[in-house]
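Visitor: Input data_18.cif, format and content: mmCIF, C-alpha atoms.
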data_coords
loop_
_atom_site.label_atom_id
_atom_site.label_comp_id
_atom_site.auth_asym_id
_atom_site.auth_seq_id
_atom_site.Cartn_x
_atom_site.Cartn_y
_atom_site.Cartn_z
CA MET W 1 8.50 -14.83 -7.61
CA THR W 2 7.25 -14.14 -4.08
CA ASP W 3 8.72 -14.24 -0.62
CA VAL W 4 6.29 -14.67 2.31
CA THR W 5 7.41 -13.86 5.85
CA ALA W 6 5.96 -14.78 9.22
CA ASP W 7 4.29 -11.35 9.46
CA THR W 8 2.56 -11.97 6.09
CA VAL W 9 4.60 -9.41 4.19
CA THR W 10 4.71 -10.65 0.64
CA VAL W 11 7.39 -9.35 -1.70
CA VAL W 12 6.89 -9.58 -5.46
CA VAL W 13 9.54 -8.72 -8.02
CA ALA W 14 9.14 -6.87 -11.31
CA GLY W 15 12.45 -6.30 -13.05
CA ARG W 16 14.82 -4.76 -10.51
CA CYS W 17 12.02 -3.42 -8.29
CA ARG W 18 10.69 -5.24 -5.23
CA TRP W 19 7.11 -4.52 -4.13
CA ALA W 20 5.79 -5.25 -0.62
CA ALA W 21 2.19 -6.24 0.07
CA GLY W 22 0.56 -7.05 3.40
CA LEU W 23 2.10 -4.24 5.45
CA ARG W 24 0.40 -3.17 8.71
CA TRP W 25 -0.86 0.42 8.35
CA GLU W 26 -1.59 2.70 11.34
CA VAL W 27 -3.10 6.20 11.46
CA GLN W 28 -0.64 8.69 12.93
CA GLY W 29 -2.92 11.75 13.05
CA HIS W 30 -2.53 15.24 11.67
CA MET W 31 0.62 17.26 11.21
CA PRO W 32 0.56 21.06 10.93
CA ALA W 33 0.75 22.36 7.39
CA ARG W 34 4.15 23.53 6.21
CA LYS W 35 4.53 27.16 5.29
CA SER W 36 6.89 27.23 2.30
CA ALA W 37 5.39 26.99 -1.18
CA GLY W 38 7.75 24.18 -2.20
CA GLN W 39 6.42 21.94 0.55
CA ARG W 40 2.69 22.36 -0.16
CA SER W 41 2.45 19.58 -2.71
CA ALA W 42 -0.10 16.79 -2.30
CA VAL W 43 2.60 14.40 -1.15
CA LYS W 44 4.45 15.76 1.86
CA LYS W 45 7.00 13.11 2.74
CA ARG W 46 7.44 9.41 2.31
CA VAL W 47 10.31 7.47 3.80
CA THR W 48 11.29 3.83 3.70
CA ALA W 49 13.78 2.71 6.29
CA GLY W 50 15.20 -0.75 6.67
CA ARG W 51 16.40 -1.85 10.10
CA THR W 52 17.80 -5.30 10.61
CA ARG W 53 16.69 -7.27 13.64
CA ARG W 54 17.25 -10.85 14.62
CA ASP W 55 14.11 -12.04 12.81
CA GLY W 56 14.66 -10.01 9.64
CA PRO W 57 14.81 -6.50 8.20
CA VAL W 58 11.98 -4.15 9.18
CA LEU W 59 10.31 -2.04 6.49
CA THR W 60 8.79 1.29 7.53
CA LEU W 61 6.90 3.68 5.25
CA THR W 62 5.36 6.99 6.34
CA VAL W 63 2.82 8.64 4.04
CA ARG W 64 1.75 12.25 4.54
CA GLN W 65 -0.73 13.99 2.31
CA GLY W 66 -2.66 17.21 1.98
CA ARG W 67 -2.48 20.56 3.71
CA ARG W 68 -3.70 19.11 7.00
CA GLY W 69 -0.85 16.64 6.93
CA ASP W 70 -2.82 13.41 7.40
CA ARG W 71 -0.37 10.56 8.04
CA VAL W 72 -0.38 6.78 7.97
CA THR W 73 2.59 4.55 8.73
CA ALA W 74 3.22 1.00 7.51
CA ASN W 75 5.43 -1.64 9.11
CA GLY W 76 6.42 -5.15 8.11
CA ARG W 77 9.24 -7.68 8.14
CA MET W 78 11.10 -9.48 5.37
CA THR W 79 13.02 -12.73 5.65
CA SER W 80 16.10 -11.51 3.79
CA ARG W 81 17.78 -8.15 3.39
CA PRO W 82 16.64 -6.62 0.10
CA ARG W 83 19.15 -5.28 -2.39
CA GLY W 84 17.88 -1.93 -3.50
CA PRO W 85 14.63 -0.19 -2.61
CA VAL W 86 11.41 -1.94 -1.66
CA TYR W 87 8.25 -0.21 -2.84
CA SER W 88 4.79 -0.44 -1.28
CA LEU W 89 1.94 -1.67 -3.49
CA ALA W 90 -0.58 0.08 -1.21
CA ALA W 91 1.20 3.44 -1.51
CA ALA W 92 1.35 3.10 -5.31
CA PHE W 93 -2.32 2.04 -5.35
CA SER W 94 -3.29 5.18 -3.39
CA ARG W 95 -1.65 7.36 -6.06
CA VAL W 96 -2.97 5.48 -9.11
CA SER W 97 -6.53 4.65 -8.01
CA GLY W 98 -7.85 7.91 -6.55
CA ASP W 99 -9.32 9.01 -3.23
CA ASN W 100 -11.81 6.25 -2.32
CA ALA W 101 -11.11 2.98 -4.08
CA TYR W 102 -10.46 -0.70 -3.54
CA GLY W 103 -9.42 -3.72 -5.56
CA VAL W 104 -8.18 -7.30 -5.32
CA TYR W 105 -5.09 -8.18 -7.35
CA ARG W 106 -3.48 -11.55 -8.11
CA LEU W 107 0.13 -11.80 -6.88
CA ASP W 108 0.79 -15.33 -8.14
CA GLU W 109 -1.06 -18.63 -8.28
CA GLY W 110 -3.15 -18.84 -5.11
CA ARG W 111 -1.94 -15.53 -3.59
CA TYR W 112 -3.86 -12.25 -3.76
CA VAL W 113 -3.71 -8.78 -2.23
CA PHE W 114 -6.63 -6.55 -1.22
CA LEU W 115 -5.77 -2.84 -1.50
CA ALA W 116 -7.93 0.11 -0.45
CA THR W 117 -7.67 3.88 -0.07
CA VAL W 118 -9.78 6.23 2.02
CA ASP W 119 -9.49 9.97 1.31
CA GLY W 120 -6.38 9.39 -0.80
CA LEU W 121 -4.37 7.53 1.85
CA PRO W 122 -3.84 3.77 2.18
CA SER W 123 -6.54 2.32 4.45
CA VAL W 124 -5.48 0.68 7.71
CA MET W 125 -7.70 -2.25 6.68
CA GLY W 126 -6.66 -2.31 3.06
CA ASP W 127 -3.28 -3.97 2.55
CA VAL W 128 -4.04 -7.66 3.08
CA ALA W 129 -2.10 -10.41 1.30
CA GLY W 130 -3.24 -14.03 1.36
CA THR W 131 -5.52 -16.53 -0.30
CA ALA W 132 -8.68 -15.62 -2.20
CA GLU W 133 -10.71 -16.31 0.96
CA ASP W 134 -8.46 -14.06 3.08
CA THR W 135 -8.76 -11.14 0.69
CA GLY W 136 -12.51 -11.69 0.29
CA ARG W 137 -12.95 -11.53 4.08
CA ALA W 138 -10.79 -8.40 4.22
CA LEU W 139 -12.95 -6.77 1.55
CA GLN W 140 -16.17 -7.60 3.43
CA GLN W 141 -14.69 -6.24 6.68
CA PHE W 142 -13.55 -3.08 4.92
CA LEU W 143 -17.00 -2.45 3.40
CA ALA W 144 -18.77 -3.15 6.71
CA PHE W 145 -16.48 -0.85 8.70
CA ASN W 146 -16.26 2.13 6.31
CA THR W 147 -19.22 4.26 5.32
CA VAL W 148 -19.78 4.70 1.60
CA PRO W 149 -18.26 8.03 0.45
CA GLU W 150 -20.36 10.62 -1.39
CA GLY W 151 -19.24 9.54 -4.85
CA GLY W 152 -19.26 5.85 -3.95
CA TRP W 153 -16.34 3.44 -4.05
CA THR W 154 -14.22 3.07 -7.17
CA VAL W 155 -13.59 -0.63 -7.84
CA THR W 156 -10.31 -0.94 -9.72
CA SER W 157 -10.15 -4.73 -9.78
CA PRO W 158 -13.22 -6.79 -8.78
CA VAL W 159 -12.86 -9.77 -6.47
CA SER W 160 -14.64 -11.99 -9.03
CA GLU W 161 -12.04 -11.24 -11.74
CA PRO W 162 -8.83 -10.01 -10.08
CA ARG W 163 -6.28 -8.35 -12.31
CA GLU W 164 -2.57 -9.11 -12.17
CA TRP W 165 -0.67 -6.95 -9.67
CA ASP W 166 1.78 -5.67 -12.27
CA THR W 167 -1.07 -3.91 -14.14
CA LEU W 168 -1.20 -1.63 -11.11
CA ILE W 169 2.41 -0.53 -11.48
CA ALA W 170 2.47 -0.56 -15.30
CA SER W 171 0.82 2.86 -15.40
CA ALA W 172 2.90 4.18 -12.49
CA GLY W 173 5.37 6.83 -13.50
CA SER W 174 8.60 7.84 -11.82
CA ARG W 175 6.75 10.12 -9.38
CA VAL W 176 4.60 7.22 -8.15
CA LEU W 177 7.73 5.10 -7.75
CA LYS W 178 9.41 7.88 -5.81
CA VAL W 179 6.54 8.27 -3.33
CA SER W 180 6.06 4.50 -2.90
CA ARG W 181 9.50 3.79 -1.39
#
Could I get this structure in the form of C-alpha coordinates?
Guide:
Amino acid sequence: MTDVTADTVTVVVAGRCRWAAGLRWEVQGHMPARKSAGQRSAVKKRVTAGRTRRDGPVLTLTVRQGRRGDRVTANGRMTSRPRGPVYSLAAAFSRVSGDNAYGVYRLDEGRYVFLATVDGLPSVMGDVAGTAEDTGRALQQFLAFNTVPEGGWTVTSPVSEPREWDTLIASAGSRVLKVSR
(Lines of atoms letter the chains of each structure in order from A and count residues from 1; the text may use other names and numbers.)
(Lines give C-alpha, C1' and ligand atoms only; values in the text may rest on other atoms or scores of the structure.)
Protein backbone atom coordinates (compact mmCIF):
# COMPACT_ATOMS: atom_id res chain seq x y z
CA MET A 1 0.00 0.00 0.00
CA THR A 2 1.47 3.38 -0.98
CA ASP A 3 0.43 6.98 -0.67
CA VAL A 4 1.96 9.47 -3.15
CA THR A 5 1.80 13.20 -2.44
CA ALA A 6 2.30 16.20 -4.68
CA ASP A 7 5.88 16.59 -3.40
CA THR A 8 6.62 12.96 -4.42
CA VAL A 9 6.86 11.67 -0.86
CA THR A 10 5.84 8.05 -1.04
CA VAL A 11 4.74 6.27 2.11
CA VAL A 12 4.85 2.48 2.28
CA VAL A 13 3.46 0.43 5.15
CA ALA A 14 4.94 -2.65 6.78
CA GLY A 15 2.90 -3.84 9.74
CA ARG A 16 2.31 -0.84 11.99
CA CYS A 17 5.32 1.11 10.66
CA ARG A 18 5.11 3.73 7.91
CA TRP A 19 8.21 4.38 5.81
CA ALA A 20 8.75 7.57 3.77
CA ALA A 21 10.69 7.63 0.50
CA GLY A 22 11.39 10.58 -1.76
CA LEU A 23 12.27 13.13 0.92
CA ARG A 24 14.32 16.21 -0.05
CA TRP A 25 17.70 16.09 1.73
CA GLU A 26 19.88 19.17 2.34
CA VAL A 27 23.39 19.47 3.79
CA GLN A 28 23.37 21.55 6.98
CA GLY A 29 27.13 21.69 7.60
CA HIS A 30 29.23 20.77 10.60
CA MET A 31 28.33 20.99 14.26
CA PRO A 32 30.99 21.13 16.98
CA ALA A 33 31.66 17.81 18.67
CA ARG A 34 29.98 17.27 22.02
CA LYS A 35 32.19 16.82 25.03
CA SER A 36 30.46 14.22 27.21
CA ALA A 37 31.29 10.56 26.65
CA GLY A 38 27.62 9.58 26.41
CA GLN A 39 27.10 11.85 23.42
CA ARG A 40 30.06 10.67 21.33
CA SER A 41 28.25 7.82 19.63
CA ALA A 42 28.19 7.54 15.84
CA VAL A 43 24.61 8.78 15.75
CA LYS A 44 24.29 12.16 17.44
CA LYS A 45 20.64 13.09 17.12
CA ARG A 46 17.76 12.32 14.84
CA VAL A 47 14.38 13.97 15.14
CA THR A 48 11.15 13.61 13.21
CA ALA A 49 8.65 16.38 13.63
CA GLY A 50 5.24 16.57 12.05
CA ARG A 51 3.70 19.99 11.47
CA THR A 52 0.32 20.30 9.85
CA ARG A 53 -0.16 22.91 7.16
CA ARG A 54 -3.01 23.55 4.80
CA ASP A 55 -1.60 21.20 2.15
CA GLY A 56 -0.69 18.38 4.53
CA PRO A 57 1.59 17.37 7.40
CA VAL A 58 5.28 18.21 7.00
CA LEU A 59 7.88 15.56 7.86
CA THR A 60 11.30 16.74 9.02
CA LEU A 61 14.26 14.49 9.86
CA THR A 62 17.69 15.71 10.99
CA VAL A 63 20.61 13.28 10.86
CA ARG A 64 23.89 14.03 12.63
CA GLN A 65 26.83 11.67 12.59
CA GLY A 66 30.43 11.44 13.65
CA ARG A 67 32.66 13.54 15.86
CA ARG A 68 32.63 16.45 13.41
CA GLY A 69 28.86 16.51 13.59
CA ASP A 70 28.07 16.33 9.86
CA ARG A 71 24.34 16.99 9.37
CA VAL A 72 21.74 16.49 6.67
CA THR A 73 18.07 17.41 6.94
CA ALA A 74 15.13 15.90 5.06
CA ASN A 75 11.75 17.49 4.37
CA GLY A 76 8.59 16.25 2.72
CA ARG A 77 4.80 16.40 2.81
CA MET A 78 2.14 13.74 3.28
CA THR A 79 -1.48 13.92 2.20
CA SER A 80 -2.91 12.66 5.48
CA ARG A 81 -1.82 12.88 9.09
CA PRO A 82 -0.02 9.65 10.00
CA ARG A 83 -0.97 7.71 13.10
CA GLY A 84 2.23 6.82 14.84
CA PRO A 85 5.80 7.42 13.73
CA VAL A 86 6.95 7.70 10.12
CA TYR A 87 10.40 6.30 9.44
CA SER A 88 12.78 7.32 6.65
CA LEU A 89 13.94 4.60 4.24
CA ALA A 90 17.02 6.68 3.38
CA ALA A 91 18.05 7.01 7.04
CA ALA A 92 17.61 3.26 7.57
CA PHE A 93 19.53 2.59 4.34
CA SER A 94 22.45 4.72 5.58
CA ARG A 95 22.70 2.57 8.72
CA VAL A 96 22.28 -0.82 7.03
CA SER A 97 24.31 -0.34 3.83
CA GLY A 98 27.54 1.28 5.01
CA ASP A 99 29.46 4.46 4.21
CA ASN A 100 29.38 4.69 0.39
CA ALA A 101 26.56 2.70 -1.15
CA TYR A 102 23.57 2.91 -3.44
CA GLY A 103 20.68 0.74 -4.54
CA VAL A 104 17.32 0.74 -6.31
CA TYR A 105 14.42 -0.91 -4.48
CA ARG A 106 10.91 -1.81 -5.66
CA LEU A 107 8.16 -0.12 -3.62
CA ASP A 108 5.22 -1.66 -5.48
CA GLU A 109 4.27 -2.43 -9.06
CA GLY A 110 5.72 0.37 -11.19
CA ARG A 111 7.18 2.41 -8.27
CA TYR A 112 10.82 2.33 -7.20
CA VAL A 113 13.14 4.25 -4.89
CA PHE A 114 16.82 5.08 -5.45
CA LEU A 115 18.75 5.34 -2.17
CA ALA A 116 22.38 6.40 -1.70
CA THR A 117 24.80 7.23 1.09
CA VAL A 118 28.00 9.25 0.98
CA ASP A 119 30.35 9.01 3.97
CA GLY A 120 27.66 7.31 6.04
CA LEU A 121 24.99 9.99 5.59
CA PRO A 122 22.02 9.97 3.21
CA SER A 123 23.02 11.66 -0.05
CA VAL A 124 21.20 14.83 -1.09
CA MET A 125 20.76 13.18 -4.51
CA GLY A 126 19.88 9.76 -3.20
CA ASP A 127 16.27 9.55 -2.01
CA VAL A 128 14.29 9.55 -5.26
CA ALA A 129 10.95 7.76 -5.60
CA GLY A 130 9.27 7.26 -8.96
CA THR A 131 9.16 5.03 -12.00
CA ALA A 132 12.02 2.81 -13.15
CA GLU A 133 13.09 5.56 -15.57
CA ASP A 134 13.07 8.21 -12.82
CA THR A 135 15.24 6.14 -10.51
CA GLY A 136 17.56 5.16 -13.37
CA ARG A 137 18.09 8.85 -14.22
CA ALA A 138 18.69 9.64 -10.55
CA LEU A 139 21.31 6.88 -10.37
CA GLN A 140 23.11 8.19 -13.48
CA GLN A 141 23.06 11.75 -12.08
CA PHE A 142 24.38 10.53 -8.74
CA LEU A 143 27.26 8.61 -10.35
CA ALA A 144 28.14 11.54 -12.64
CA PHE A 145 28.13 14.08 -9.80
CA ASN A 146 29.97 12.09 -7.10
CA THR A 147 33.56 10.94 -7.40
CA VAL A 148 34.17 7.25 -6.80
CA PRO A 149 35.33 6.71 -3.19
CA GLU A 150 38.60 4.89 -2.43
CA GLY A 151 36.96 1.53 -1.83
CA GLY A 152 34.44 1.99 -4.64
CA TRP A 153 30.66 2.04 -4.37
CA THR A 154 28.80 -0.77 -2.64
CA VAL A 155 25.77 -1.75 -4.74
CA THR A 156 23.14 -3.17 -2.41
CA SER A 157 20.40 -3.64 -5.01
CA PRO A 158 21.23 -3.32 -8.73
CA VAL A 159 18.97 -1.32 -11.03
CA SER A 160 18.66 -4.34 -13.36
CA GLU A 161 17.22 -6.55 -10.58
CA PRO A 162 15.80 -4.33 -7.83
CA ARG A 163 15.05 -5.98 -4.52
CA GLU A 164 11.84 -5.40 -2.58
CA TRP A 165 12.02 -2.43 -0.20
CA ASP A 166 11.07 -4.50 2.84
CA THR A 167 14.29 -6.55 2.50
CA LEU A 168 16.04 -3.33 3.50
CA ILE A 169 14.18 -3.07 6.80
CA ALA A 170 14.02 -6.82 7.49
CA SER A 171 17.57 -6.77 8.84
CA ALA A 172 17.05 -3.47 10.67
CA GLY A 173 17.07 -3.81 14.41
CA SER A 174 15.48 -1.59 17.02
CA ARG A 175 18.45 0.80 16.97
CA VAL A 176 18.03 1.38 13.22
CA LEU A 177 14.32 1.99 13.75
CA LYS A 178 15.07 4.44 16.53
CA VAL A 179 17.47 6.52 14.43
CA SER A 180 15.23 6.45 11.33
CA ARG A 181 12.29 8.34 12.88
Visitor: Please list as a list in words every residue within 8 Å of Phe114 of chain W, counting only C-alpha atoms and excluding residues in the same chain fewer than 4 positions away.
Guide: Tyr102, Gly103, Val104, Tyr105, Gly126, Asp127, Val128, Ala129, Thr135, Gly136, Ala138 and Leu139 of chain W
Visitor: List the residues matched by the PyMOL selection byres ((chain W and resi 166) around 9) in the displayed structure as a ChimeraX atom specification, ordered by chain and then by residue number.
Guide: /W:14,105-107,163-165,167-170
Visitor: From the list W:Ala20, W:Val86, W:Val124, W:Ala132, which residue is nearest Glu109 of chain W when using only C-alpha atoms?
Guide: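 Closest candidate: W:Ala132.
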Visitor: May I have the residues at most 12 Å from (-6.9, 7.8, -7.0) in the file's coordinates, counting all atoms listed in the file, as a ChimeraX atom specification?
Guide: /W:90-103,116-122,153-156,168,172,176
Visitor: Would you mind reading off the distance between atom CA of Thr10 of chain W and atom CA of Arg83 of chain W, one decimal, in Å?
Guide: 15.7 Å
Visitor: Applied to this file, what does the PyMOL selection byres ((chain W and resi 19) around 8) return in terms of residues, put as a VMD selection string?
Guide: chain W and resid 11 to 14 17 to 18 20 to 21 86 to 89
